[in-house]
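Inspection log for the structure reproduced underneath, given as structure tokens.
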Amino acid sequence: MGSLASERTVVGWAARDATGHLSPYTYTVRKTGPEDVVVKVLYCGICHTDIHQAKNHLGASKYPMVPGHEVVGEVVEVGPEVTEHRVGDVVGVGVIVGCCRECRPCKANVEQYCNKRIWSYNDVYTDGRPTQGGFASTMIVDQKFVVPIPAGLAPEQAAPLLCAGVTVYSPLKHFGLTAPGLRGGILGLGGVGHMGVKVAKAMGHHVTVISSSSRKRAEAMDELGADAYLVSSDAAAMAAAADSLDYIIDTVPVHHPLEPYLALLRLDGKHVLLGVIGEPLSFVSPMVMLGRKSVTGSFIGSVDETAELLRFCVDKGLTSQIEVVKMGYVNEALERLERNDVRYRFVVDVAGSNIEEEAAVAPGN
């Protein structure tokens with residue numbers, strides 16, 4: 001177990017203002033509590049939400065902010081009441097690091113819907129300290145929110161599964177969309193969308209990728225294994241595909257019309273929103289009434305679902321497609337992500353980046 005250290009110094013890369021530019025930042029984290037797991041960060045995926053938060057797109061950012069919520073690391077210390085994790089284990093930490101444990105969602109083990117959830121970063125923990133994410137050397141996390149990374153899954157491959165992967169797995173499971181033979185649409189082919197294709201195909205679905213241009217047709221079909229590709233601006237193709245899909249997983253994180261896609265759904269079809277969009281979306285009611293269709297949303301997944309997804313990926317041989325970068329490249333990676341210039345997820349090699357040394361020489365730190 002090791003000794004329960006006092007407050008420890010951690011080096012991370014933080015945004016200081018709404019420019020979103022990250023630079024080295026030194027801070028302290030809490031003393032290891034009875035149910036805490038101390039994680040040496042190995043890898044951390046870069047999510048589109050990191051851009052939203054670092055640049056204050058949602059109007060609630062607090063600085064300095066260390067982003068990162070697709071964290072894979074090695075356990076280096078555990079509290080005396082930790083039962084599921086041991087020193088040396090490889091584990092994952094996702095979007096949530098706290099909840100009330102008393103409300104209906106918590107008791108149903110869907111703690112991501114707890115109104116008192118605590119985010120991995122840009123939030124305040126129960127001790128009053130700001131939470132900081134995985135673009136850092138170390139995190140301390142309650143054991144409830146730590147998941148084991150199963151053998152057979154490389155840590156850098158596991159990182160995007162902790163957000164992007166479970167974000168598509170959770171609604172497919174919850175809405176009963178796991179049976180082989182279903183016909184699904186994946187709207188948007190980014191970090192979440194590419195995992196949507198992989199997970200849906202592994203479930204035995206016929207998968208159509210829907211995109212605004214034909215630019216990604218070859219990679220969607222030849223590399224990811226999609227069965228069909230639909231360009232949303234092609235009116236004839238969209239009309240031909242009407243009433244053909246059981247569901248659409250909508251991963252687009254910017255404002256977009258819904259009506260063209262609702263027309264693609266069969267009777268009782270579901271349009272599941274996964275992108276964080278700060279503007280109202282709209283449609284005329286007959287678009288859903290005349291097919292008993294549903295527009296709904298889903299938010300990441302629970303800790304239990306995350307563990308289930310990781311096992312599913314091992315069983316099915318699924319991996320994410322990633323580009324591994326060092327911490328010194330993180331600002332360029334964020335800029336490229338904002339331009340959709342990544343296939344399909346950046347993962348920061350935190351442990352291999354020598355961020356302590358970089359922090360020591362960084363100006364203004």
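Ordering of the structure tokens sets the chain letters (A, B, ...); residue numbers start at 1 within each chain; ligands are numbered from 1 in the order shown.
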Backbone-only DSSP, strand (DSSP E) members of region 56-183 of chain A, as a list in words
Glu70, Val71, Val72, Gly73, Glu74, Val75, Val76, Glu77, Val78, Val90, Val91, Gly92, Val93, Ile96, Val97, Gly98, Ile118, Trp119, Thr138, Met139, Ile140, Val141, Asp142, Val146, Val147, Pro148 and Arg183 of chain A
Per-residue nearest contacts region 39-125 of chain A to region 298-321 of chain A, cut-off 9 Å, using only C-alpha atoms, as JSON lines:
{"residue": "A:Gly94", "atom": "CA", "partner": "A:Val303", "partner_atom": "CA", "distance": 8.3}
{"residue": "A:Val95", "atom": "CA", "partner": "A:Ile300", "partner_atom": "CA", "distance": 7.9}
{"residue": "A:Ile96", "atom": "CA", "partner": "A:Val303", "partner_atom": "CA", "distance": 8.8}
{"residue": "A:Asn109", "atom": "CA", "partner": "A:Ser302", "partner_atom": "CA", "distance": 6.8}
{"residue": "A:Val110", "atom": "CA", "partner": "A:Ser302", "partner_atom": "CA", "distance": 5.1}
{"residue": "A:Glu111", "atom": "CA", "partner": "A:Ser302", "partner_atom": "CA", "distance": 6.1}
{"residue": "A:Gln112", "atom": "CA", "partner": "A:Ser302", "partner_atom": "CA", "distance": 5.9}
{"residue": "A:Tyr113", "atom": "CA", "partner": "A:Phe299", "partner_atom": "CA", "distance": 7.8}
So that I can see what lies close to region 148-164 of chain A, please list as an mmCIF file with N, CA, C and O atoms, in the first residue's frame the residues with an atom at most 6 Å from it, counting only C-alpha atoms and leaving out residues fewer than 4 positions away in the same chain.
data_model
loop_
_atom_site.group_PDB
_atom_site.id
_atom_site.type_symbol
_atom_site.label_atom_id
_atom_site.label_comp_id
_atom_site.auth_asym_id
_atom_site.auth_seq_id
_atom_site.Cartn_x
_atom_site.Cartn_y
_atom_site.Cartn_z
ATOM 1 N N TYR A 43 -0.809 8.096 -20.150
ATOM 2 C CA TYR A 43 -1.351 8.661 -21.380
ATOM 3 C C TYR A 43 -2.652 9.396 -21.072
ATOM 4 O O TYR A 43 -3.364 9.045 -20.135
ATOM 5 N N CYS A 44 -2.957 10.388 -21.905
ATOM 6 C CA CYS A 44 -4.243 11.084 -21.774
ATOM 7 C C CYS A 44 -4.723 11.490 -23.158
ATOM 8 O O CYS A 44 -4.000 12.165 -23.907
ATOM 9 N N GLY A 45 -5.927 11.074 -23.515
ATOM 10 C CA GLY A 45 -6.511 11.458 -24.786
ATOM 11 C C GLY A 45 -6.941 12.913 -24.787
ATOM 12 O O GLY A 45 -7.159 13.530 -23.735
ATOM 13 N N GLU A 70 -9.376 11.585 -20.368
ATOM 14 C CA GLU A 70 -9.233 10.226 -20.899
ATOM 15 C C GLU A 70 -7.874 9.721 -20.421
ATOM 16 O O GLU A 70 -6.913 9.652 -21.166
ATOM 17 N N VAL A 71 -7.824 9.381 -19.149
ATOM 18 C CA VAL A 71 -6.554 9.196 -18.452
ATOM 19 C C VAL A 71 -6.272 7.719 -18.209
ATOM 20 O O VAL A 71 -7.116 6.998 -17.680
ATOM 21 N N VAL A 72 -5.097 7.287 -18.601
ATOM 22 C CA VAL A 72 -4.627 5.948 -18.276
ATOM 23 C C VAL A 72 -3.313 6.083 -17.544
ATOM 24 O O VAL A 72 -2.420 6.843 -17.947
ATOM 25 N N VAL A 90 -2.560 -1.060 -13.986
ATOM 26 C CA VAL A 90 -2.836 -0.044 -14.994
ATOM 27 C C VAL A 90 -4.337 0.227 -14.968
ATOM 28 O O VAL A 90 -5.149 -0.708 -15.061
ATOM 29 N N VAL A 91 -4.693 1.502 -14.819
ATOM 30 C CA VAL A 91 -6.093 1.861 -14.598
ATOM 31 C C VAL A 91 -6.464 3.065 -15.458
ATOM 32 O O VAL A 91 -5.610 3.751 -16.016
ATOM 33 N N GLY A 94 -11.965 8.582 -16.098
ATOM 34 C CA GLY A 94 -12.709 9.271 -17.141
ATOM 35 C C GLY A 94 -13.164 10.663 -16.752
ATOM 36 O O GLY A 94 -12.467 11.402 -16.060
ATOM 37 N N VAL A 192 -15.242 10.528 -31.612
ATOM 38 C CA VAL A 192 -16.381 9.742 -31.141
ATOM 39 C C VAL A 192 -16.978 8.940 -32.293
ATOM 40 O O VAL A 192 -17.290 7.761 -32.156
ATOM 41 N N SER A 320 -8.825 1.882 -30.838
ATOM 42 C CA SER A 320 -9.070 3.207 -31.390
ATOM 43 C C SER A 320 -7.932 3.550 -32.345
ATOM 44 O O SER A 320 -6.840 2.995 -32.254
#
Can you list, as number ranges by chain, every residue of region 39-142 of chain A that DSSP puts in alpha helix (DSSP H)?
A: 48-54, 104-107
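Those residues that approach region 181-186 of chain A to within 6 Å, counting only C-alpha atoms, are Gly204, His205, His206, Val207, Thr208, Val209, Ile210, Leu245, Asp246, Tyr247, Ile248 and Ile249 of chain A; same-chain residues fewer than 3 positions away are not listed.
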Residues as selected, all heavy atoms, written as a compact mmCIF listing (two decimals), in the first residue's frame, can you do that?
# COMPACT_ATOMS: atom_id res chain seq x y z
N GLY A 204 -22.51 -6.21 -34.91
CA GLY A 204 -23.18 -6.86 -36.03
C GLY A 204 -24.16 -5.98 -36.78
O GLY A 204 -25.04 -6.48 -37.47
N HIS A 205 -23.99 -4.64 -36.67
CA HIS A 205 -24.91 -3.73 -37.33
C HIS A 205 -24.44 -3.40 -38.75
O HIS A 205 -23.24 -3.44 -39.06
CB HIS A 205 -25.02 -2.42 -36.54
CG HIS A 205 -25.57 -2.60 -35.17
ND1 HIS A 205 -25.74 -1.55 -34.29
CD2 HIS A 205 -26.00 -3.70 -34.51
CE1 HIS A 205 -26.25 -2.01 -33.16
NE2 HIS A 205 -26.41 -3.31 -33.26
N HIS A 206 -25.38 -3.02 -39.59
CA HIS A 206 -25.10 -2.41 -40.89
C HIS A 206 -24.91 -0.93 -40.62
O HIS A 206 -25.83 -0.26 -40.13
CB HIS A 206 -26.24 -2.67 -41.87
CG HIS A 206 -26.03 -2.07 -43.23
ND1 HIS A 206 -26.16 -0.73 -43.49
CD2 HIS A 206 -25.67 -2.65 -44.41
CE1 HIS A 206 -25.91 -0.50 -44.76
NE2 HIS A 206 -25.61 -1.65 -45.35
N VAL A 207 -23.74 -0.39 -40.92
CA VAL A 207 -23.39 0.97 -40.49
C VAL A 207 -23.22 1.90 -41.68
O VAL A 207 -22.45 1.60 -42.61
CB VAL A 207 -22.10 0.97 -39.65
CG1 VAL A 207 -21.71 2.40 -39.27
CG2 VAL A 207 -22.28 0.11 -38.40
N THR A 208 -23.94 3.01 -41.64
CA THR A 208 -23.81 4.07 -42.64
C THR A 208 -23.17 5.28 -41.98
O THR A 208 -23.67 5.78 -40.97
CB THR A 208 -25.18 4.47 -43.20
OG1 THR A 208 -25.77 3.34 -43.85
CG2 THR A 208 -25.06 5.62 -44.19
N VAL A 209 -22.07 5.74 -42.54
CA VAL A 209 -21.47 6.99 -42.08
C VAL A 209 -22.10 8.13 -42.86
O VAL A 209 -22.23 8.08 -44.09
CB VAL A 209 -19.94 6.98 -42.29
CG1 VAL A 209 -19.35 8.37 -42.07
CG2 VAL A 209 -19.28 5.98 -41.36
N ILE A 210 -22.53 9.16 -42.13
CA ILE A 210 -23.16 10.33 -42.74
C ILE A 210 -22.23 11.52 -42.52
O ILE A 210 -21.86 11.84 -41.38
CB ILE A 210 -24.53 10.61 -42.11
CG1 ILE A 210 -25.39 9.34 -42.09
CG2 ILE A 210 -25.24 11.74 -42.86
CD1 ILE A 210 -26.61 9.45 -41.19
N LEU A 245 -32.97 3.69 -41.49
CA LEU A 245 -32.11 3.49 -40.33
C LEU A 245 -32.91 3.28 -39.04
O LEU A 245 -33.93 3.93 -38.82
CB LEU A 245 -31.18 4.70 -40.14
CG LEU A 245 -30.24 5.03 -41.32
CD1 LEU A 245 -29.42 6.28 -40.99
CD2 LEU A 245 -29.32 3.86 -41.63
N ASP A 246 -32.42 2.39 -38.19
CA ASP A 246 -33.02 2.19 -36.87
C ASP A 246 -32.57 3.24 -35.88
O ASP A 246 -33.29 3.53 -34.91
CB ASP A 246 -32.64 0.80 -36.34
CG ASP A 246 -33.21 -0.31 -37.19
OD1 ASP A 246 -34.44 -0.41 -37.26
OD2 ASP A 246 -32.42 -1.07 -37.79
N TYR A 247 -31.40 3.78 -36.08
CA TYR A 247 -30.89 4.81 -35.17
C TYR A 247 -29.83 5.65 -35.87
O TYR A 247 -29.23 5.22 -36.87
CB TYR A 247 -30.31 4.19 -33.90
CG TYR A 247 -29.05 3.37 -34.12
CD1 TYR A 247 -27.79 3.97 -34.15
CD2 TYR A 247 -29.12 1.98 -34.30
CE1 TYR A 247 -26.64 3.21 -34.36
CE2 TYR A 247 -27.99 1.22 -34.50
CZ TYR A 247 -26.75 1.85 -34.54
OH TYR A 247 -25.61 1.11 -34.76
N ILE A 248 -29.61 6.84 -35.34
CA ILE A 248 -28.50 7.69 -35.74
C ILE A 248 -27.77 8.12 -34.48
O ILE A 248 -28.40 8.64 -33.53
CB ILE A 248 -28.97 8.94 -36.51
CG1 ILE A 248 -29.56 8.53 -37.87
CG2 ILE A 248 -27.81 9.92 -36.72
CD1 ILE A 248 -30.20 9.68 -38.63
N ILE A 249 -26.48 7.89 -34.44
CA ILE A 249 -25.62 8.40 -33.38
C ILE A 249 -25.03 9.70 -33.90
O ILE A 249 -24.20 9.70 -34.81
CB ILE A 249 -24.51 7.39 -33.01
CG1 ILE A 249 -25.12 6.10 -32.46
CG2 ILE A 249 -23.53 8.01 -32.01
CD1 ILE A 249 -25.85 6.25 -31.13
Between CA of Thr251 (chain A) and CA of Leu187 (chain A), distance in Å (one decimal)
5.9 Å
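Of note, CA of Met203 (chain A) and CA of Leu177 (chain A) are spaced 9.1 Å apart.
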Near Ser233 (chain A), counting only C-alpha atoms, which residues have an atom at most 12 Å away, once you skip same-chain residues fewer than 5 positions from it, shown as a short mmCIF file (atom, residue, chain, number, x, y, z; two decimals) with N, CA, C and O atoms, in the first residue's frame?
data_model
loop_
_atom_site.label_atom_id
_atom_site.label_comp_id
_atom_site.auth_asym_id
_atom_site.auth_seq_id
_atom_site.Cartn_x
_atom_site.Cartn_y
_atom_site.Cartn_z
N ILE A 210 -22.53 9.16 -42.13
CA ILE A 210 -23.16 10.33 -42.74
C ILE A 210 -22.23 11.52 -42.52
O ILE A 210 -21.86 11.84 -41.38
N SER A 211 -21.86 12.18 -43.61
CA SER A 211 -20.91 13.27 -43.52
C SER A 211 -21.31 14.38 -44.48
O SER A 211 -22.12 14.17 -45.39
N SER A 212 -20.74 15.56 -44.28
CA SER A 212 -21.10 16.71 -45.10
C SER A 212 -20.41 16.72 -46.46
O SER A 212 -20.78 17.49 -47.34
N SER A 213 -19.39 15.88 -46.62
CA SER A 213 -18.69 15.80 -47.90
C SER A 213 -18.22 14.37 -48.11
O SER A 213 -18.29 13.53 -47.21
N SER A 214 -17.70 14.11 -49.30
CA SER A 214 -17.22 12.77 -49.63
C SER A 214 -15.76 12.56 -49.24
O SER A 214 -15.19 11.51 -49.49
N MET A 238 -29.81 11.30 -50.15
CA MET A 238 -30.53 11.39 -48.88
C MET A 238 -31.97 10.92 -49.05
O MET A 238 -32.52 10.21 -48.20
N ALA A 239 -32.59 11.29 -50.16
CA ALA A 239 -33.97 10.87 -50.41
C ALA A 239 -34.05 9.36 -50.58
O ALA A 239 -35.00 8.71 -50.10
N PRO A 257 -28.72 21.27 -38.66
CA PRO A 257 -30.15 20.95 -38.77
C PRO A 257 -30.40 19.48 -38.44
O PRO A 257 -29.54 18.62 -38.68
N PRO A 260 -33.07 16.87 -41.89
CA PRO A 260 -32.60 15.96 -42.95
C PRO A 260 -32.26 14.57 -42.43
O PRO A 260 -32.41 13.58 -43.16
N TYR A 261 -31.85 14.50 -41.18
CA TYR A 261 -31.44 13.21 -40.62
C TYR A 261 -32.62 12.46 -40.03
O TYR A 261 -32.68 11.22 -40.09
#
Might you pull out every residue within 7 Å of region 74-81 of chain A, with only C-alpha atoms counted and same-chain residues fewer than 2 positions away left off, and present them as JSON, numbers by chain?
{"A": [1, 2, 4, 32, 33, 34, 35, 36, 37, 38, 39, 40, 41, 42, 83, 86, 87, 88, 89, 90, 91]}
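Here CA of Asp227 (chain A) and CA of Leu281 (chain A) stand 28.6 Å from one another.
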Shell of 7 Å around Leu264 (chain A), only C-alpha atoms, local chain residues under 2 positions omitted, as a ChimeraX atom specification:
/A:241-245,261-262,266
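Proximity to Lys270 (chain A) was assessed for A:Ala179, A:Val330, A:Leu172, A:Leu230 counting only C-alpha atoms; the smallest distance is recorded for A:Leu172.
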Would you please work out which residue, of A:Tyr63, A:Ile277, A:Val295, A:Ser285, is nearest to Leu265 (chain A) when using only C-alpha atoms?
A:Val295
Distance criterion (only C-alpha atoms): nearest to Glu219 (chain A) out of A:Arg104, A:Arg343, A:Arg129, A:His69:
A:Arg343
Under the rule that only C-alpha atoms are counted, which of A:Tyr169, A:Tyr121, A:Tyr329, A:Tyr25 is the nearest residue to Gln53 (chain A)?
A:Tyr121
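Between Val197 (chain A) and the candidates A:Val124, A:Val168, A:Val252, A:Ala218, the tightest atom-to-atom separation, counting only C-alpha atoms, involves A:Val168.
If you measure from each of A:Lys216, A:Val348, A:Trp119, A:Ala202 to Glu332 (chain A) using only C-alpha atoms, the closest one turns out to be A:Val348.
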